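One file, coords19.cif, is given below (mmCIF, C-alpha atoms and all ligand atoms).
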```cif
data_upload
loop_
_atom_site.label_atom_id
_atom_site.label_comp_id
_atom_site.auth_asym_id
_atom_site.auth_seq_id
_atom_site.Cartn_x
_atom_site.Cartn_y
_atom_site.Cartn_z
CA MET A 1 16.72 48.66 -131.41
CA GLY A 2 15.62 48.92 -135.03
CA ALA A 3 12.75 51.04 -136.28
CA LEU A 4 10.53 48.10 -137.02
CA GLU A 5 10.89 46.77 -133.49
CA ASP A 6 10.05 50.21 -132.03
CA PHE A 7 6.93 50.26 -134.13
CA ASN A 8 5.90 46.79 -133.02
CA HIS A 9 6.34 47.47 -129.35
CA ALA A 10 4.46 50.74 -129.45
CA PHE A 11 1.43 49.26 -131.16
CA ILE A 12 1.08 45.81 -129.71
CA GLN A 13 -1.94 45.30 -127.49
CA ASP A 14 -2.10 42.85 -124.64
CA HIS A 15 -3.48 39.52 -125.76
CA GLU A 16 -6.88 40.03 -124.21
CA HIS A 17 -7.45 43.30 -126.06
CA ARG A 18 -6.38 42.21 -129.53
CA PRO A 19 -9.11 42.44 -132.11
CA LYS A 20 -10.09 39.08 -133.51
CA LEU A 21 -9.53 39.59 -137.21
CA THR A 22 -9.87 35.92 -138.04
CA ILE A 23 -13.62 35.74 -137.55
CA SER A 24 -15.13 35.67 -141.00
CA GLU A 25 -18.46 37.13 -142.05
CA ALA A 26 -19.75 33.63 -142.57
CA ASP A 27 -19.54 33.15 -138.81
CA GLY A 28 -21.69 36.20 -138.07
CA ILE A 29 -25.36 36.31 -137.16
CA PRO A 30 -27.77 35.29 -139.95
CA THR A 31 -29.55 37.81 -142.17
CA ILE A 32 -33.21 37.10 -142.88
CA ASP A 33 -35.16 38.67 -145.74
CA LEU A 34 -38.66 39.38 -144.48
CA SER A 35 -40.22 40.36 -147.83
CA PRO A 36 -42.35 37.16 -148.01
CA ILE A 37 -44.35 38.19 -144.91
CA PHE A 38 -46.12 40.87 -146.92
CA ASN A 39 -47.62 38.18 -149.14
CA SER A 40 -48.57 35.85 -146.31
CA PRO A 41 -52.01 36.85 -145.06
CA GLY A 42 -53.13 35.03 -141.96
CA GLY A 43 -49.62 33.97 -141.02
CA ASP A 44 -49.25 31.43 -143.80
CA PHE A 45 -45.50 32.02 -144.04
CA PRO A 46 -43.20 30.25 -146.49
CA HIS A 47 -41.61 27.21 -144.94
CA ASP A 48 -38.10 28.37 -145.70
CA LEU A 49 -38.59 31.67 -143.86
CA VAL A 50 -39.96 29.90 -140.79
CA ARG A 51 -37.00 27.53 -140.85
CA GLN A 52 -34.57 30.47 -140.95
CA ILE A 53 -36.28 32.11 -137.98
CA ALA A 54 -36.20 28.84 -136.07
CA SER A 55 -32.53 28.12 -136.66
CA ALA A 56 -31.38 31.71 -136.02
CA SER A 57 -33.39 31.89 -132.78
CA ARG A 58 -32.09 28.52 -131.66
CA ASP A 59 -28.44 28.77 -132.70
CA TRP A 60 -27.78 32.48 -132.16
CA GLY A 61 -30.67 34.12 -130.34
CA PHE A 62 -29.91 37.00 -132.75
CA PHE A 63 -30.53 37.76 -136.42
CA LEU A 64 -30.62 40.69 -138.82
CA VAL A 65 -33.75 41.47 -140.78
CA VAL A 66 -33.93 43.25 -144.13
CA ASN A 67 -37.01 44.17 -146.22
CA HIS A 68 -38.85 44.49 -142.92
CA GLY A 69 -41.36 47.11 -144.08
CA VAL A 70 -40.30 50.00 -141.82
CA PRO A 71 -40.12 53.09 -144.07
CA PRO A 72 -36.52 54.38 -144.07
CA GLU A 73 -37.65 58.01 -143.81
CA LYS A 74 -39.31 57.31 -140.47
CA ARG A 75 -36.06 55.89 -139.17
CA ARG A 76 -34.07 58.87 -140.53
CA ARG A 77 -36.46 61.20 -138.79
CA ILE A 78 -36.13 59.73 -135.31
CA GLU A 79 -32.37 59.35 -135.76
CA ALA A 80 -32.11 63.05 -136.62
CA ALA A 81 -34.32 63.99 -133.66
CA ALA A 82 -32.15 61.91 -131.32
CA ARG A 83 -29.00 63.69 -132.54
CA GLU A 84 -30.60 67.08 -131.99
CA PHE A 85 -31.77 66.15 -128.53
CA PHE A 86 -28.46 64.67 -127.33
CA GLY A 87 -26.57 67.60 -128.88
CA GLN A 88 -28.03 69.96 -126.28
CA SER A 89 -26.36 70.97 -123.02
CA LEU A 90 -26.58 68.65 -120.06
CA GLU A 91 -28.68 71.27 -118.33
CA GLU A 92 -31.30 71.15 -121.10
CA LYS A 93 -31.34 67.36 -121.22
CA ARG A 94 -31.71 67.11 -117.46
CA LYS A 95 -34.98 69.00 -117.67
CA VAL A 96 -36.51 65.68 -118.73
CA ARG A 97 -34.35 63.45 -116.61
CA ARG A 98 -35.40 60.19 -115.12
CA ASP A 99 -35.54 59.93 -111.35
CA GLU A 100 -36.82 57.46 -108.84
CA GLY A 101 -40.41 58.52 -109.44
CA VAL A 102 -40.43 58.94 -113.23
CA VAL A 103 -38.69 56.09 -115.03
CA THR A 104 -38.88 57.62 -118.53
CA GLY A 105 -36.80 60.42 -120.05
CA TYR A 106 -33.12 61.29 -120.04
CA PHE A 107 -30.55 59.35 -118.07
CA ASP A 108 -26.75 59.29 -118.15
CA THR A 109 -25.79 57.21 -115.14
CA GLU A 110 -27.18 53.77 -115.93
CA LEU A 111 -25.58 50.76 -114.31
CA THR A 112 -25.37 47.35 -115.95
CA LYS A 113 -24.45 44.76 -113.35
CA ASN A 114 -23.48 47.57 -110.98
CA VAL A 115 -20.93 49.09 -113.40
CA ARG A 116 -21.64 52.41 -115.07
CA ASP A 117 -22.19 52.42 -118.85
CA TRP A 118 -20.45 54.92 -121.14
CA LYS A 119 -23.65 56.31 -122.63
CA GLU A 120 -26.61 58.60 -122.27
CA VAL A 121 -30.15 57.47 -123.08
CA PHE A 122 -33.67 58.73 -123.58
CA ASP A 123 -36.49 56.27 -122.78
CA PHE A 124 -40.15 56.48 -123.69
CA MET A 125 -42.97 54.02 -123.17
CA VAL A 126 -44.90 52.86 -126.25
CA ALA A 127 -48.30 53.19 -124.54
CA ASP A 128 -49.37 56.64 -123.38
CA THR A 129 -49.92 55.34 -119.90
CA THR A 130 -48.28 52.12 -118.87
CA VAL A 131 -49.73 50.29 -115.88
CA VAL A 132 -47.13 48.61 -113.66
CA PRO A 133 -46.78 47.46 -110.05
CA ALA A 134 -46.01 50.30 -107.65
CA SER A 135 -43.15 48.35 -106.09
CA PRO A 136 -41.14 45.17 -106.64
CA GLU A 137 -42.37 43.71 -103.32
CA PRO A 138 -44.34 40.51 -104.08
CA GLU A 139 -47.01 41.13 -101.44
CA ASP A 140 -47.73 44.71 -102.57
CA ASP A 141 -50.73 44.74 -104.97
CA GLU A 142 -50.71 48.46 -105.59
CA LEU A 143 -50.40 49.60 -109.21
CA THR A 144 -49.05 52.80 -110.69
CA GLN A 145 -48.75 54.42 -114.12
CA TRP A 146 -45.64 55.32 -116.04
CA THR A 147 -46.02 58.26 -118.39
CA ASN A 148 -43.63 59.88 -120.81
CA GLN A 149 -41.74 63.13 -120.50
CA TRP A 150 -41.06 64.92 -123.77
CA PRO A 151 -38.35 67.52 -124.37
CA GLU A 152 -39.19 70.92 -125.83
CA TYR A 153 -36.36 70.61 -128.30
CA PRO A 154 -36.31 69.57 -131.06
CA PRO A 155 -39.97 70.46 -131.68
CA GLU A 156 -40.58 67.44 -133.93
CA PHE A 157 -39.11 65.01 -131.38
CA ARG A 158 -42.36 63.60 -130.04
CA GLU A 159 -43.99 63.17 -133.43
CA ALA A 160 -40.89 61.46 -134.82
CA CYS A 161 -40.94 59.05 -131.86
CA ASP A 162 -44.68 58.34 -132.14
CA GLU A 163 -44.53 57.65 -135.86
CA TYR A 164 -41.49 55.44 -135.57
CA VAL A 165 -42.86 53.34 -132.77
CA LYS A 166 -46.07 52.55 -134.67
CA GLU A 167 -43.96 50.93 -137.35
CA LEU A 168 -41.82 49.04 -134.86
CA GLU A 169 -44.90 47.68 -133.12
CA LYS A 170 -46.16 46.28 -136.43
CA LEU A 171 -42.78 44.70 -137.05
CA GLY A 172 -42.69 43.33 -133.49
CA HIS A 173 -46.06 41.62 -133.97
CA LYS A 174 -45.00 40.14 -137.32
CA LEU A 175 -41.80 38.80 -135.79
CA MET A 176 -43.75 37.23 -132.94
CA GLU A 177 -46.08 35.59 -135.46
CA LEU A 178 -43.05 34.12 -137.18
CA ILE A 179 -41.61 32.98 -133.88
CA ALA A 180 -44.94 31.40 -132.89
CA VAL A 181 -45.15 29.46 -136.16
CA SER A 182 -41.50 28.45 -135.83
CA LEU A 183 -42.39 26.89 -132.45
CA GLY A 184 -45.33 25.01 -133.98
CA LEU A 185 -47.91 27.39 -132.48
CA PRO A 186 -50.74 29.36 -134.15
CA PRO A 187 -49.44 32.69 -135.56
CA LYS A 188 -51.46 34.83 -133.14
CA ARG A 189 -50.50 32.82 -130.07
CA PHE A 190 -48.64 35.72 -128.44
CA GLN A 191 -50.88 38.58 -129.51
CA ASP A 192 -52.98 38.97 -126.37
CA TYR A 193 -49.99 39.34 -124.07
CA PHE A 194 -49.32 42.73 -125.66
CA LYS A 195 -52.78 44.24 -125.15
CA GLU A 196 -51.50 46.23 -122.19
CA GLN A 197 -47.92 46.26 -123.24
CA THR A 198 -45.02 47.61 -121.19
CA SER A 199 -42.90 48.05 -124.33
CA PHE A 200 -40.51 50.96 -124.49
CA VAL A 201 -37.98 52.58 -126.77
CA ARG A 202 -34.49 53.59 -125.74
CA LEU A 203 -32.48 56.10 -127.74
CA ASN A 204 -28.81 55.39 -127.00
CA HIS A 205 -25.95 57.83 -127.52
CA TYR A 206 -22.40 56.59 -126.94
CA PRO A 207 -19.98 59.54 -126.93
CA PRO A 208 -16.33 59.00 -127.89
CA CYS A 209 -14.50 57.36 -124.99
CA PRO A 210 -10.84 58.05 -124.10
CA SER A 211 -10.35 54.49 -122.84
CA PRO A 212 -12.49 52.22 -124.96
CA GLU A 213 -10.46 49.23 -123.76
CA LEU A 214 -11.54 49.81 -120.17
CA ALA A 215 -15.20 50.83 -120.44
CA LEU A 216 -18.27 49.58 -122.28
CA GLY A 217 -21.16 51.50 -123.76
CA VAL A 218 -23.45 48.82 -122.34
CA GLY A 219 -21.99 46.09 -120.18
CA ARG A 220 -22.75 42.44 -120.97
CA HIS A 221 -26.39 41.63 -120.34
CA LYS A 222 -29.43 39.80 -121.66
CA ASP A 223 -32.62 41.62 -122.55
CA PRO A 224 -35.37 40.66 -120.11
CA GLY A 225 -38.44 41.15 -122.35
CA VAL A 226 -39.92 39.20 -125.25
CA LEU A 227 -38.04 40.60 -128.24
CA THR A 228 -35.69 43.50 -129.01
CA VAL A 229 -35.50 45.24 -132.38
CA LEU A 230 -32.41 47.45 -132.63
CA ALA A 231 -31.45 50.08 -135.19
CA GLN A 232 -27.72 50.69 -135.03
CA ASP A 233 -25.92 53.37 -137.03
CA ASP A 234 -22.91 52.74 -139.29
CA VAL A 235 -20.26 52.99 -136.55
CA GLY A 236 -20.62 49.49 -135.10
CA GLY A 237 -19.88 48.27 -131.60
CA LEU A 238 -22.58 45.73 -130.78
CA GLU A 239 -21.13 42.35 -129.87
CA VAL A 240 -22.97 39.08 -129.32
CA LYS A 241 -21.71 36.13 -127.35
CA ARG A 242 -21.70 33.24 -129.78
CA LYS A 243 -23.47 30.25 -128.23
CA ARG A 244 -21.23 27.72 -129.92
CA ASP A 245 -18.00 28.79 -128.21
CA GLY A 246 -18.64 31.87 -126.08
CA GLU A 247 -16.66 34.16 -128.43
CA TRP A 248 -17.72 37.81 -128.68
CA ILE A 249 -18.80 38.41 -132.29
CA GLN A 250 -19.27 41.90 -133.79
CA VAL A 251 -22.61 42.61 -135.37
CA LYS A 252 -21.56 44.54 -138.47
CA PRO A 253 -23.75 47.49 -139.32
CA VAL A 254 -25.90 46.88 -142.42
CA PRO A 255 -27.71 50.02 -143.61
CA ASP A 256 -31.47 49.98 -142.94
CA SER A 257 -31.40 46.55 -141.34
CA TYR A 258 -32.59 45.75 -137.82
CA VAL A 259 -30.88 43.56 -135.28
CA VAL A 260 -33.45 41.30 -133.63
CA ASN A 261 -32.87 39.26 -130.50
CA VAL A 262 -35.10 37.06 -128.41
CA GLY A 263 -35.31 38.08 -124.77
CA ASP A 264 -35.59 36.16 -121.52
CA ILE A 265 -39.38 35.85 -121.73
CA THR A 266 -39.15 34.07 -125.09
CA GLN A 267 -36.54 31.79 -123.56
CA VAL A 268 -38.97 30.83 -120.79
CA TRP A 269 -42.06 30.64 -123.04
CA SER A 270 -40.20 28.32 -125.41
CA ASN A 271 -38.88 26.28 -122.47
CA GLU A 272 -35.36 27.05 -123.72
CA LYS A 273 -35.83 26.01 -127.31
CA TYR A 274 -34.73 29.58 -127.92
CA GLU A 275 -32.22 31.32 -125.73
CA SER A 276 -31.75 34.94 -124.77
CA VAL A 277 -28.11 35.62 -125.53
CA GLU A 278 -25.65 37.91 -123.81
CA HIS A 279 -24.52 41.01 -125.68
CA ARG A 280 -22.69 44.28 -125.03
CA ALA A 281 -21.77 47.48 -126.84
CA MET A 282 -18.19 48.63 -127.27
CA VAL A 283 -17.30 52.28 -127.52
CA ASN A 284 -14.53 53.87 -129.52
CA SER A 285 -12.20 56.78 -128.98
CA LYS A 286 -12.95 58.65 -132.21
CA LYS A 287 -16.54 58.20 -133.17
CA GLU A 288 -19.73 58.70 -131.29
CA ARG A 289 -22.40 56.09 -131.93
CA TYR A 290 -26.19 56.06 -131.85
CA SER A 291 -28.66 53.21 -131.61
CA ILE A 292 -32.41 52.88 -131.06
CA ALA A 293 -33.76 49.86 -129.21
CA PHE A 294 -37.41 48.83 -129.26
CA PHE A 295 -38.14 46.50 -126.34
CA PHE A 296 -41.31 44.54 -127.00
CA ASN A 297 -42.73 43.70 -123.59
CA PRO A 298 -46.04 42.18 -122.45
CA SER A 299 -48.58 43.40 -119.91
CA HIS A 300 -47.39 43.77 -116.33
CA SER A 301 -49.95 41.11 -115.31
CA THR A 302 -48.30 38.45 -117.47
CA ILE A 303 -47.26 35.42 -115.48
CA VAL A 304 -44.26 34.16 -117.40
CA GLU A 305 -43.89 30.40 -117.64
CA PRO A 306 -43.14 27.74 -120.26
CA LEU A 307 -46.10 27.47 -122.63
CA GLU A 308 -48.22 24.43 -121.92
CA GLU A 309 -48.18 23.39 -125.59
CA LEU A 310 -44.40 23.10 -125.40
CA ILE A 311 -44.11 20.93 -122.31
CA ASP A 312 -44.90 17.28 -121.74
CA PRO A 313 -43.54 14.49 -119.51
CA GLN A 314 -40.47 14.12 -121.73
CA ASN A 315 -39.92 17.87 -121.77
CA PRO A 316 -40.89 19.17 -118.32
CA PRO A 317 -40.92 22.91 -117.56
CA LYS A 318 -37.46 24.33 -116.98
CA TYR A 319 -38.75 27.45 -115.18
CA LYS A 320 -41.02 28.35 -112.31
CA SER A 321 -43.56 31.02 -113.18
CA TYR A 322 -42.86 34.65 -112.32
CA SER A 323 -44.63 37.99 -112.58
CA TRP A 324 -43.34 40.18 -115.43
CA GLY A 325 -44.60 43.34 -113.69
CA LYS A 326 -42.64 42.60 -110.53
CA PHE A 327 -39.55 41.67 -112.53
CA LEU A 328 -39.71 44.92 -114.49
CA SER A 329 -40.18 47.09 -111.44
CA ASN A 330 -37.28 45.34 -109.70
CA ARG A 331 -34.98 45.95 -112.68
CA LYS A 332 -35.91 49.60 -113.03
CA ARG A 333 -34.89 50.11 -109.43
CA SER A 334 -31.58 48.24 -109.61
CA ASN A 335 -30.42 49.89 -112.85
CA PHE A 336 -31.06 53.26 -111.29
CA LYS A 337 -29.37 52.81 -107.95
CA LYS A 338 -26.31 50.88 -106.98
CA LEU A 339 -27.49 48.07 -104.74
CA ASN A 340 -25.23 45.67 -102.93
CA VAL A 341 -26.88 42.69 -104.58
CA ASP A 342 -26.95 41.35 -108.12
CA ASN A 343 -30.04 42.48 -109.99
CA ILE A 344 -32.84 40.05 -110.67
CA GLN A 345 -32.19 37.49 -113.42
CA VAL A 346 -34.44 34.99 -115.10
CA SER A 347 -32.02 32.27 -113.95
CA HIS A 348 -33.42 32.79 -110.44
CA PHE A 349 -36.57 31.04 -111.67
CA LYS A 350 -34.78 28.11 -113.28
CA ILE A 351 -35.80 24.71 -112.02
CA THR A 352 -32.52 23.04 -111.20
CA ASN A 353 -33.31 19.45 -110.24
O1 LIG B 401 -26.59 49.87 -128.65
C1 LIG B 401 -26.44 48.67 -128.81
O2 LIG B 401 -25.81 48.19 -129.75
C2 LIG B 401 -27.02 47.67 -127.83
C3 LIG B 401 -27.96 48.25 -126.82
C4 LIG B 401 -28.54 47.22 -125.91
O3 LIG B 401 -28.17 46.08 -125.91
C5 LIG B 401 -29.61 47.59 -124.97
O4 LIG B 401 -29.91 48.80 -124.84
O5 LIG B 401 -30.20 46.66 -124.35
FE FE B 402 -29.58 44.76 -124.89
#
```
Could you render the structure as structure tokens?
Amino acid sequence: MGALEDFNHAFIQDHEHRPKLTISEADGIPTIDLSPIFNSPGGDFPHDLVRQIASASRDWGFFLVVNHGVPPEKRRRIEAAAREFFGQSLEEKRKVRRDEGVVTGYFDTELTKNVRDWKEVFDFMVADTTVVPASPEPEDDELTQWTNQWPEYPPEFREACDEYVKELEKLGHKLMELIAVSLGLPPKRFQDYFKEQTSFVRLNHYPPCPSPELALGVGRHKDPGVLTVLAQDDVGGLEVKRKRDGEWIQVKPVPDSYVVNVGDITQVWSNEKYESVEHRAMVNSKKERYSIAFFFNPSHSTIVEPLEELIDPQNPPKYKSYSWGKFLSNRKRSNFKKLNVDNIQVSHFKITN
């Protein structure tokens, strides 16, 4: 056997694992320049921007934003704090670990669809106290509060998180104004849903993985909330399922950009004009990766259903209404513990006839 053949055999991957080098950048998710929003008081956005938001939300469910107004130094600061925090021993990190009672803090055994993710995370709620149902049981009216746990180290951790999240909240509201206008609604249509928000931030750390072809940093899933705004570092690994053909497409890291995706609630509100799209995060054997996800979520008392302005006899509601608070409390339980059932999905509320 010749040298070239040896080389080929040693390096050839099975078909299903071969990287898809043929997918061009032109086929990737759209990039949207948000600079015009800072000259659009009262939500009077340029038509072209609204059109871009509409087509990206409809065709991809995902887009990148640049010139979004979040100061880069605030992002650097929380990124640095996350590195410091995750760099500690497991024993230190577990001092702020999540358990069945406290859903915030450090966690390294998350399940996505009952399979463990190759990652560790730190979660904090955006509101100081977040009111939620005490249990997922529909007949139980009791409420409870979720509060944050903060690590001692690094000392600037909490401040870095607080400052960052203020900026992300502003961006989240602006994006929802754009989405409202793109659906033909008044810009502030969604504002009140967030008065008692259940939004949270997740710091993700994906350590190097010896078998990146077997595991995932986050298994395929859809985000259940309204909108997700993700900061990924320069390593890359996020993949989005392209609606057109179901291919997994890499979301290439673009410095200082954010990856935005519409979640299940926006899918229901828009009566499926916009779709929450499946995504996952790959890991790699050499480089660790960090990302920061801001999940923009409404009040627990929100009854999610297609907006009345967007339904009519020709376009009847595609979903039954459901309680966001109950949905959230159900998910928190199933991602924590392995249950012998699939976790709750928005498709359970789809009207099928
Ligand atoms: O880290 C990433 O690229 C994606 C994370 C994600 O999808 C999630 O946490 O919901
Ligand atoms: Fe996600």
Open item on the list: I'd like the neighbourhood of Gly61 in chain A as a list in words, where a residue qualifies if any of its atoms comes within 8 Å (using only C-alpha atoms), though same-chain residues fewer than 6 positions away should be ignored.
Closed with: Asn261, Val262, Tyr274, Glu275, Ser276 and Val277 of chain A
Task: Given 6 Å and only C-alpha atoms and all ligand atoms, residues near ligand LIG 401 (chain B) as a VMD selection string - done: chain A and resid 223 238 280 to 281 291 293
For those residues, write C-alpha atoms to a file as a PDB file, in the coordinates of the input.
```pdb
ATOM      1  CA  ASP A 223     -32.620  41.620-122.550  1.00  0.00           C
ATOM      2  CA  LEU A 238     -22.580  45.730-130.780  1.00  0.00           C
ATOM      3  CA  ARG A 280     -22.690  44.280-125.030  1.00  0.00           C
ATOM      4  CA  ALA A 281     -21.770  47.480-126.840  1.00  0.00           C
ATOM      5  CA  SER A 291     -28.660  53.210-131.610  1.00  0.00           C
ATOM      6  CA  ALA A 293     -33.760  49.860-129.210  1.00  0.00           C
TER       7      ALA A 293
END
```
Task: Pro255 in chain A surroundings by all atoms listed in the file, 12 Å radius, close-in-sequence under 6 positions cut, as a PyMOL selection string - done: chain A and resi 64-67+72+75-76+231-236
Open item on the list: Between CA of Thr129 in chain A and CA of His348 in chain A, what distance in Å does the model show, to one decimal?
Closed with: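 CA of Thr129 in chain A sits 29.5 Å away from CA of His348 in chain A.
Residue nearest Pro46 in chain A within the list A:Ala82, A:Val240, A:Leu310, A:Val181: A:Val181 [criterion: smallest interatomic distance, all atoms listed in the file].
Shortest atom-to-atom contact with Glu137 in chain A among A:Phe327, A:Tyr193, A:Trp248, A:Phe349: A:Phe327, counting only C-alpha atoms.
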Open item on the list: Would you pick out the contacts of Ile29 in chain A at 10 Å or less, using all atoms listed in the file, so that residues sharing its chain but fewer than 2 positions from it are not included, and give the list as a PyMOL selection string?
Closed with: chain A and resi 25-27+31-32+56+59-64+240+242+249-252+259
May I have the selected residues written with C-alpha atoms, as a short mmCIF file (atom, residue, chain, number, x, y, z; two decimals), in the coordinates of the input?
```cif
data_model
loop_
_atom_site.label_atom_id
_atom_site.label_comp_id
_atom_site.auth_asym_id
_atom_site.auth_seq_id
_atom_site.Cartn_x
_atom_site.Cartn_y
_atom_site.Cartn_z
CA GLU A 25 -18.46 37.13 -142.05
CA ALA A 26 -19.75 33.63 -142.57
CA ASP A 27 -19.54 33.15 -138.81
CA THR A 31 -29.55 37.81 -142.17
CA ILE A 32 -33.21 37.10 -142.88
CA ALA A 56 -31.38 31.71 -136.02
CA ASP A 59 -28.44 28.77 -132.70
CA TRP A 60 -27.78 32.48 -132.16
CA GLY A 61 -30.67 34.12 -130.34
CA PHE A 62 -29.91 37.00 -132.75
CA PHE A 63 -30.53 37.76 -136.42
CA LEU A 64 -30.62 40.69 -138.82
CA VAL A 240 -22.97 39.08 -129.32
CA ARG A 242 -21.70 33.24 -129.78
CA ILE A 249 -18.80 38.41 -132.29
CA GLN A 250 -19.27 41.90 -133.79
CA VAL A 251 -22.61 42.61 -135.37
CA LYS A 252 -21.56 44.54 -138.47
CA VAL A 259 -30.88 43.56 -135.28
#
```
Task: Nearest candidate to ligand FE 402 (chain B) (options A:Trp324, A:Trp150, A:Tyr319, A:Phe296; using all atoms listed in the file) - done: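 The answer is A:Phe296, which sits nearest to ligand FE 402 (chain B).
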TODO: Excluding Gly43 in chain A and any residue of its chain fewer than 4 positions from it, enumerate the residues within 12 Å of it, using only C-alpha atoms, and give them as number ranges by chain.
DONE: A: 36-39, 47, 49-50, 173-182, 185-189
Those same residues, written as a PDB file, keeping the file's coordinate frame with C-alpha atoms?
```
ATOM      1  CA  PRO A  36     -42.350  37.160-148.010  1.00  0.00           C
ATOM      2  CA  ILE A  37     -44.350  38.190-144.910  1.00  0.00           C
ATOM      3  CA  PHE A  38     -46.120  40.870-146.920  1.00  0.00           C
ATOM      4  CA  ASN A  39     -47.620  38.180-149.140  1.00  0.00           C
ATOM      5  CA  HIS A  47     -41.610  27.210-144.940  1.00  0.00           C
ATOM      6  CA  LEU A  49     -38.590  31.670-143.860  1.00  0.00           C
ATOM      7  CA  VAL A  50     -39.960  29.900-140.790  1.00  0.00           C
ATOM      8  CA  HIS A 173     -46.060  41.620-133.970  1.00  0.00           C
ATOM      9  CA  LYS A 174     -45.000  40.140-137.320  1.00  0.00           C
ATOM     10  CA  LEU A 175     -41.800  38.800-135.790  1.00  0.00           C
ATOM     11  CA  MET A 176     -43.750  37.230-132.940  1.00  0.00           C
ATOM     12  CA  GLU A 177     -46.080  35.590-135.460  1.00  0.00           C
ATOM     13  CA  LEU A 178     -43.050  34.120-137.180  1.00  0.00           C
ATOM     14  CA  ILE A 179     -41.610  32.980-133.880  1.00  0.00           C
ATOM     15  CA  ALA A 180     -44.940  31.400-132.890  1.00  0.00           C
ATOM     16  CA  VAL A 181     -45.150  29.460-136.160  1.00  0.00           C
ATOM     17  CA  SER A 182     -41.500  28.450-135.830  1.00  0.00           C
ATOM     18  CA  LEU A 185     -47.910  27.390-132.480  1.00  0.00           C
ATOM     19  CA  PRO A 186     -50.740  29.360-134.150  1.00  0.00           C
ATOM     20  CA  PRO A 187     -49.440  32.690-135.560  1.00  0.00           C
ATOM     21  CA  LYS A 188     -51.460  34.830-133.140  1.00  0.00           C
ATOM     22  CA  ARG A 189     -50.500  32.820-130.070  1.00  0.00           C
TER      23      ARG A 189
END
```
TODO: Quick one: everything within 6 Å of Glu120 in chain A, counting all atoms listed in the file, minus sequence neighbours fewer than 3 positions away in the same chain. Send it as number ranges by chain.
DONE: A: 107-108, 205
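Between CA of Glu142 in chain A and CA of Thr130 in chain A the interatomic distance comes to 14.0 Å.
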Centre and size of axis-aligned box enclosing range 54-62 of chain A plus 8 Å each side, as lines of an AutoDock Vina configuration file:
```
center_x = -32.0
center_y = 32.6
center_z = -133.5
size_x = 24.4
size_y = 24.9
size_z = 22.3
```
Task: Counting only C-alpha atoms, the option among A:Lys170, A:His221, A:Lys119, A:Lys93 closest to Glu152 in chain A - done: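 Smallest separation from Glu152 in chain A among the options: A:Lys93.
Across the structure, CA of Asp312 in chain A and CA of Thr266 in chain A are spaced 18.1 Å apart.
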- [ ] Identify the residues within 8 Å of coordinate (-41.4, 47.6, -110.1) (same frame as the file), considering all atoms listed in the file, and give the answer as a PyMOL selection string.
- [x] chain A and resi 132-137+325-333
Open item on the list: Please list, as a count of residues only, the residues that have an atom at most 6 Å away from (-47.8, 42.8, -125.5) in the coordinates of this file, counting all atoms listed in the file.
Closed with: 7
- [ ] Go through A:Leu171, A:His300, A:Ser55, A:Phe190 one by one, measure the shortest atom-to-atom distance of each to Gln145 in chain A using all atoms listed in the file, and give the residue with the smallest value.
- [x] A:His300
Open item on the list: Let me make sure I understand: among A:Val268, A:Val346, A:Val201, A:Ile303, which one has the smallest atom-to-atom distance to ligand FE 402 (chain B) if we use all atoms listed in the file?
Closed with: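 Closest residue, counting all atoms listed in the file: A:Val201.
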